[in-house]
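Colleague: Structure below; questions to follow.
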Amino acid sequence: MSESLSRRCCQTMTPENLLVRPRPTQKCTTGCPVLDRCLGGGIPCRSVTEVVGESGCGKTQLCLQLLLSAQLPPSRGGLSASSLYLHSEFPLPLRRLHQLSRARPFGPGHDPLEGIFVHPLQSVDHLLDVMPKVESFVENFKSQFPVRLIVIDSIAALFRSEFDNNPLDLRRRSSMFFKISGKLKLLAEKFDLAVVVTNQVVDLVAPNEGINGLRIGNLGCLVSSGRRVCAALGLAWANCVNLRLFLSRDKEIVSTMNGVGDECGCEPMHCRTRRRLHLLFAPHIPDTSCEYVITREGFSGVCR
Amino acid sequence: MEVGRLPISAALKGKLVSAGYTSLSLLSSLSPSHLARDLNISENEALDILKHAPLDGRIDTSSGHHVINGAQTAWDMLHEEELLTRITTSSVDIDNILGGGISCREVTEIGGVPGIGKTQLGIQLAVNVQLPVHCGGLGGKAIYIDTEGSFMVERVLQIAEACRDDMSANNALSQNVHAGQVGMQPKDFLENILYFRVCSYAEQIALINYLDKFMSEHKDVKIIIIDSITFHFRQDFEDMALRTRLLSGMALKLMKLAKKFCLAVVLLNQVTTKFAEGSFQLTLALGDSWSHACTNRIILYWNGNERYAYIDKSPSLRSASAPYAVTARGIRNNVSNCKRIKLM
């Protein structure tokens with residue numbers, strides 16, 4: 001595969017070169033067999049995968065886990081690759097990453113933290129400035145673990161702070177979306193790597209349909225914490241990603257006494273968070289959903 | 001030799017032939033001075049030749065030739081159109097509203113929100129075009145131009161397998177399997193999809209310009225699918241007039257390809273919101289001038305939990321909508337038992 005890759009890069013660009021034999025897509029495991037089954041094997045390479053969810057539902061946890069599982073050898077579903085983590089919301093939670101890495105079976109002498117590169121992002125323009133650097137970094141990174149995973153956490157934070165809600169800004173904004181997505185897809189194609197971006201949610205105010213009566217994907221299941229939500233950044237951005245995952249959580253009240261009340265009328269109750277991962281759209285697998293939990297060992301699906 | 005019939009002197013005829021003017025059609029678009037220079041004769045003599053030439057040319061049309069190369073009568077066109085086959089979408093309901101499927105010699109645009117099944121329909125058509133004519137295909141190859149990176153081989157394989165199963169079931173029913181005829185294997189379906197991956201708008205334009213040459217070498221291609229036409233044109237265009245020019249140039253080339261090689265061109269488009277009459281409405285992207293570029297427009301949309309296809313524009317079909325479903329086996333009719341497949 002790397003041979004055909006270098007052949008494409010060296011050749012001068014002619015239309016004939018664009019004719020390629022479609023290659024089977026390699027997948028990067030999420031580190032959990034249940035989730036992998038739900039996602040048809042994992043996060044696909046040469047695609048932009050978006051993870052949408054409200055704050056605290058585990059977007060960053062999923063990303064951290066991907067950073068680690070990308071380093072696993074292909075025999076165990078990984079890419080045996082390094083990864084690049086671009087963050088705009090908060091810095092890489094190193095302690096948590098360390099905790100997760102200790103829970104994974106990496107051999108002695110292989111420190112997974114060495115294969116993770118981190119770069120902060122301050123603004124959209126900063127991201128566009130960083131892109132060429134990222135490209136040359138990935139291209140010139142000579143190691144037995146080439147960079148095969150890029151995570152941007154989060155794309156929404158960059159855009160939501162900067163643009164006004166007027167027609168001119170919105171148009172400038174959607175032009176930026178396509179520009180960034182075009183660059184990301186180019187990188188993904190050129191180096192056969194997986195791109196994962198996280199996105200936030202916005203509340204849905206319209207009674208039945210989506211914003212202004214339009215529906216993106218299957219909006220019926222987009223309920224998180226009892227709110228009807230949809231992915232931030234609107235329709236234009238939805239056109240820029242190949243796969244969209246949605247993480248939701250809901251409080252569920254569980255009675256510990258098997259439903260039998262106390263004599264004084266107060267049931268001993270505790271709240272439990274039920275989390276679900278929904279696949280909203282993907283070119284290769286049908287829409288599904290799966291429950292997941294976040295534990296000390298990481299993000300894992302639950303079989304039911 | 002046609003020039004032999006011209007009522008001019010033998011010396012001039014000789015000059016015409018030795019200069020390479022053997023057929024009258026070669027004379028039809030010449031200016032007298034050009035001909036005079038070519039034959040080394042006076043302009044008056046050249047004018048004299050040209051006066052006779054178109055006259056004789058017109059007499060020729062009665063015997064089946066045309067005044068201008070490429071022109072046809074509407075009667076001929078009607079006959080040709082009746083012979084045209086269409087490519088099935090694998091959903092009987094969509095085929096019905098389309099008059100049998102996606103038609104050749106036309107540019108069809110299909111748009112819809114992300115996740116509605118544009119790419120699925122594109123892949124389905126790339127597979128279906130390879131079916132033999134009695135199964136709803138054209139027995140040809142497909143060109144798939146991917147600008148978004150959503151073409152997944154495993155999904156194509158899945159759809160191709162379902163297609164092969166349907167075909168063999170079909171053959172078993174009609175009992176017309178010939179002894180030597182081996183059914184198509186999923187691998188063959190993949191072999192017949194010529195896949196281009198395009199990463200910028202410059203590459204896209206270059207590729208479409210190149211297709212004319214490519215097509216004359218690959219005459220068996222019967223469909224060109226571009227998924228999507230839009231993606232690279234929605235980024236970073238400061239000069240919107242330039243974008244419009246590039247797009248309409250591209251549209252003309254695609255139309256020409258469709259006519260010249262008698263193939264179907266399917267363009268997948270995204271949707272965008274447009275502020276009109278006091279509210280936001282969904283329209284296909286690339287603006288109003290682009291809407292002239294395609295012969296047919298089909299919009300895919302959600303209605304409740306069902307997917308629908310709607311004919312927005314067509315010169316020959318009335319506007320109608322039909323439900324469809326995206327199943328594990330590809331695009332199919334929306335019937336209640338499809339829901340079970342969806343849940344799997």
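Note on naming: chains are A, B, ... as they come in the structure tokens, residues start from 1 per chain, ligands start from 1 in the order shown.
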For the interface of chain A with chain B (cut-off 8 Å, counting only C-alpha atoms), please tabulate each contacting residue of chain A alongside its nearest pair of atoms and their separation in Å to one decimal, rows sorted by chain and increasing number, as a Markdown table.
Modeller:
| residue | atom | partner | partner_atom | distance |
| --- | --- | --- | --- | --- |
| A:Pro15 | CA | B:Leu207 | CA | 5.1 |
| A:Leu18 | CA | B:Phe196 | CA | 5.1 |
| A:Leu19 | CA | B:Phe196 | CA | 4.4 |
| A:Val20 | CA | B:Phe196 | CA | 5.9 |
| A:Arg21 | CA | B:Tyr195 | CA | 6.4 |
| A:Pro22 | CA | B:Tyr195 | CA | 6.4 |
| A:Arg23 | CA | B:Val153 | CA | 6.8 |
| A:Pro24 | CA | B:Val153 | CA | 5.5 |
| A:Thr25 | CA | B:Met152 | CA | 6.9 |
| A:Arg46 | CA | B:Gly149 | CA | 6.9 |
| A:Ser47 | CA | B:Gly149 | CA | 6.2 |
| A:Ser174 | CA | B:Gln235 | CA | 7.8 |
| A:Ser175 | CA | B:Gln235 | CA | 4.7 |
| A:Met176 | CA | B:Gln235 | CA | 6.6 |
| A:Phe177 | CA | B:Gln235 | CA | 7.4 |
| A:Phe178 | CA | B:Gln235 | CA | 4.7 |
| A:Lys179 | CA | B:Gln235 | CA | 4.8 |
| A:Gly182 | CA | B:His232 | CA | 7.1 |
| A:Lys185 | CA | B:Gly149 | CA | 7.2 |
| A:Leu186 | CA | B:Cys199 | CA | 5.8 |
| A:Glu189 | CA | B:Gly149 | CA | 7.8 |
| A:Asn212 | CA | B:Phe280 | CA | 6.2 |
| A:Leu214 | CA | B:Leu282 | CA | 7.2 |
| A:Arg215 | CA | B:Trp302 | CA | 6.9 |
| A:Ile216 | CA | B:Val113 | CA | 5.9 |
| A:Gly217 | CA | B:Gly115 | CA | 5.0 |
| A:Asn218 | CA | B:Asn305 | CA | 7.5 |
| A:Leu235 | CA | B:Thr272 | CA | 6.9 |
| A:Ala236 | CA | B:Thr272 | CA | 6.8 |
| A:Ala238 | CA | B:Pro114 | CA | 6.3 |
| A:Asn239 | CA | B:Pro114 | CA | 5.8 |
| A:Cys240 | CA | B:Phe231 | CA | 7.9 |
| A:Asn242 | CA | B:Ser150 | CA | 6.0 |
| A:Leu280 | CA | B:Gly115 | CA | 7.4 |
| A:Phe281 | CA | B:Gly115 | CA | 4.9 |
| A:Ala282 | CA | B:Gly115 | CA | 7.0 |
| A:Pro283 | CA | B:Ser150 | CA | 5.9 |
| A:His284 | CA | B:Arg155 | CA | 5.0 |
| A:Ile285 | CA | B:Arg155 | CA | 7.5 |
| A:Pro286 | CA | B:Lys342 | CA | 7.0 |
| A:Asp287 | CA | B:Lys342 | CA | 7.9 |
| A:Thr288 | CA | B:Leu343 | CA | 7.5 |
Colleague: I'd like to know which residues of segment 192-312 of chain B are alpha helix (DSSP H) (by DSSP, run on the backbone); could you write them as a VMD selection string?
Modeller: chain B and resid 201 to 217 240 to 260 287 to 290
Colleague: Do you know which residues are at most 12 Å from segment 257-260 of chain B counting only C-alpha atoms, after dropping those on the same chain fewer than 2 positions away, and could you put them as a ChimeraX atom specification?
Modeller: /B:70,77,80-81,84,103-108,208-216,219,221-225,250-255,262-266,294-295
Colleague: What's around Ser33 of chain B at 12 Å? Count only C-alpha atoms, leave out sequence neighbours fewer than 4 positions away in its own chain, and write the answer as a ChimeraX atom specification.
Modeller: /B:37-50
Colleague: Deliver the residues from the most recent selection as a file, using N, CA and C atoms, as a short mmCIF file (atom, residue, chain, number, x, y, z; two decimals), in the first residue's frame.
Modeller:
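part37.cif was written with the following content:
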data_model
loop_
_atom_site.label_atom_id
_atom_site.label_comp_id
_atom_site.auth_asym_id
_atom_site.auth_seq_id
_atom_site.Cartn_x
_atom_site.Cartn_y
_atom_site.Cartn_z
N ARG B 37 -6.56 31.18 -52.07
CA ARG B 37 -5.19 31.05 -51.62
C ARG B 37 -4.76 29.58 -51.70
N ASP B 38 -5.66 28.70 -51.28
CA ASP B 38 -5.32 27.28 -51.26
C ASP B 38 -5.08 26.72 -52.66
N LEU B 39 -5.92 27.15 -53.61
CA LEU B 39 -5.85 26.57 -54.95
C LEU B 39 -4.96 27.38 -55.89
N ASN B 40 -4.53 28.56 -55.38
CA ASN B 40 -3.75 29.46 -56.21
C ASN B 40 -4.53 29.88 -57.46
N ILE B 41 -5.77 30.34 -57.25
CA ILE B 41 -6.61 30.84 -58.35
C ILE B 41 -7.14 32.21 -57.96
N SER B 42 -7.82 32.86 -58.86
CA SER B 42 -8.34 34.19 -58.52
C SER B 42 -9.57 34.04 -57.64
N GLU B 43 -9.87 35.15 -56.91
CA GLU B 43 -10.99 35.07 -55.98
C GLU B 43 -12.31 34.87 -56.70
N ASN B 44 -12.43 35.43 -57.90
CA ASN B 44 -13.67 35.27 -58.65
C ASN B 44 -13.93 33.82 -58.99
N GLU B 45 -12.86 33.14 -59.40
CA GLU B 45 -13.01 31.72 -59.72
C GLU B 45 -13.42 30.94 -58.48
N ALA B 46 -12.80 31.28 -57.35
CA ALA B 46 -13.10 30.59 -56.10
C ALA B 46 -14.57 30.80 -55.73
N LEU B 47 -15.02 32.06 -55.89
CA LEU B 47 -16.41 32.40 -55.58
C LEU B 47 -17.36 31.57 -56.45
N ASP B 48 -16.94 31.40 -57.70
CA ASP B 48 -17.74 30.63 -58.64
C ASP B 48 -17.90 29.18 -58.17
N ILE B 49 -16.79 28.61 -57.69
CA ILE B 49 -16.85 27.22 -57.20
C ILE B 49 -17.79 27.13 -56.01
N LEU B 50 -17.61 28.09 -55.09
CA LEU B 50 -18.39 28.02 -53.85
C LEU B 50 -19.88 28.24 -54.10
#
Colleague: Got a sec to tell me which of segment 83-286 of chain B DSSP assigns to strand (DSSP E or B), as an MDAnalysis selection string?
Modeller: chainID B and resid 86:87 102:103 107:112 141:146 193:197 221:227 264:269 271:276 279:284
Colleague: Record the distance separating atom CA of Glu291 of chain A and atom CA of Ile43 of chain A, expressed in Å with one decimal.
Modeller: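 A separation of 17.4 Å between them.
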Colleague: Would you compute the distance between atom CA of Arg297 of chain B and atom CA of Leu267 of chain B? Give it in Å to one decimal.
Modeller: 9.4 Å
Colleague: Excluding segment 152-166 of chain A and any residue of its chain fewer than 4 positions from it, enumerate the residues within 9 Å of it, using only C-alpha atoms, and give them as an NGL selection string.
Modeller: :A and (59-60 or 63 or 84-90 or 121-124 or 127 or 170-173 or 195-201 or 232-233)
Colleague: Any idea what the distance is between atom CA of Ala71 of chain B and atom CA of Leu35 of chain B?
Modeller: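 If I compute the distance from atom CA of Ala71 of chain B to atom CA of Leu35 of chain B, I get 25.3 Å.
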Colleague: Could you tell me which of B:Leu24, B:Ile311, B:Val127, B:Ala10 comes closest to Leu157 of chain B if we count only C-alpha atoms?
Modeller: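 Using only C-alpha atoms, the shortest distance to Leu157 of chain B belongs to B:Val127.
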Colleague: Within 9 Å of Leu35 of chain A, counting only C-alpha atoms, which residues qualify if same-chain residues fewer than 2 places away don't, as a PyMOL selection string?
Modeller: chain A and resi 29-33+37-42+277+290-292+300-302
Colleague: If we count only C-alpha atoms, what is near Thr244 of chain B at a cut-off of 8 Å, once residues fewer than 3 positions away on the same chain are taken out, given as a PyMOL selection string?
Modeller: chain B and resi 240-241+247-248+289-290
Colleague: Generate a file of the selected residues that holds N, CA and C atoms, formatted as a CSV table (one decimal), in the first residue's frame.
Modeller:
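See part_4.csv below for the written result:
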chain,number,residue,atom,x,y,z
B,240,MET,N,-17.2,35.0,-7.4
B,240,MET,CA,-18.4,34.2,-7.6
B,240,MET,C,-18.7,34.1,-9.1
B,241,ALA,N,-18.3,35.2,-9.9
B,241,ALA,CA,-18.6,35.2,-11.3
B,241,ALA,C,-17.7,34.1,-12.0
B,247,LEU,N,-18.3,26.6,-13.6
B,247,LEU,CA,-19.4,25.6,-13.5
B,247,LEU,C,-20.2,25.4,-14.8
B,248,SER,N,-20.5,26.5,-15.5
B,248,SER,CA,-21.3,26.4,-16.7
B,248,SER,C,-20.5,25.8,-17.8
B,289,SER,N,-28.1,30.0,-11.3
B,289,SER,CA,-27.6,29.8,-12.6
B,289,SER,C,-27.2,28.3,-12.9
B,290,TRP,N,-26.8,27.6,-11.9
B,290,TRP,CA,-26.5,26.2,-12.0
B,290,TRP,C,-27.7,25.4,-12.3
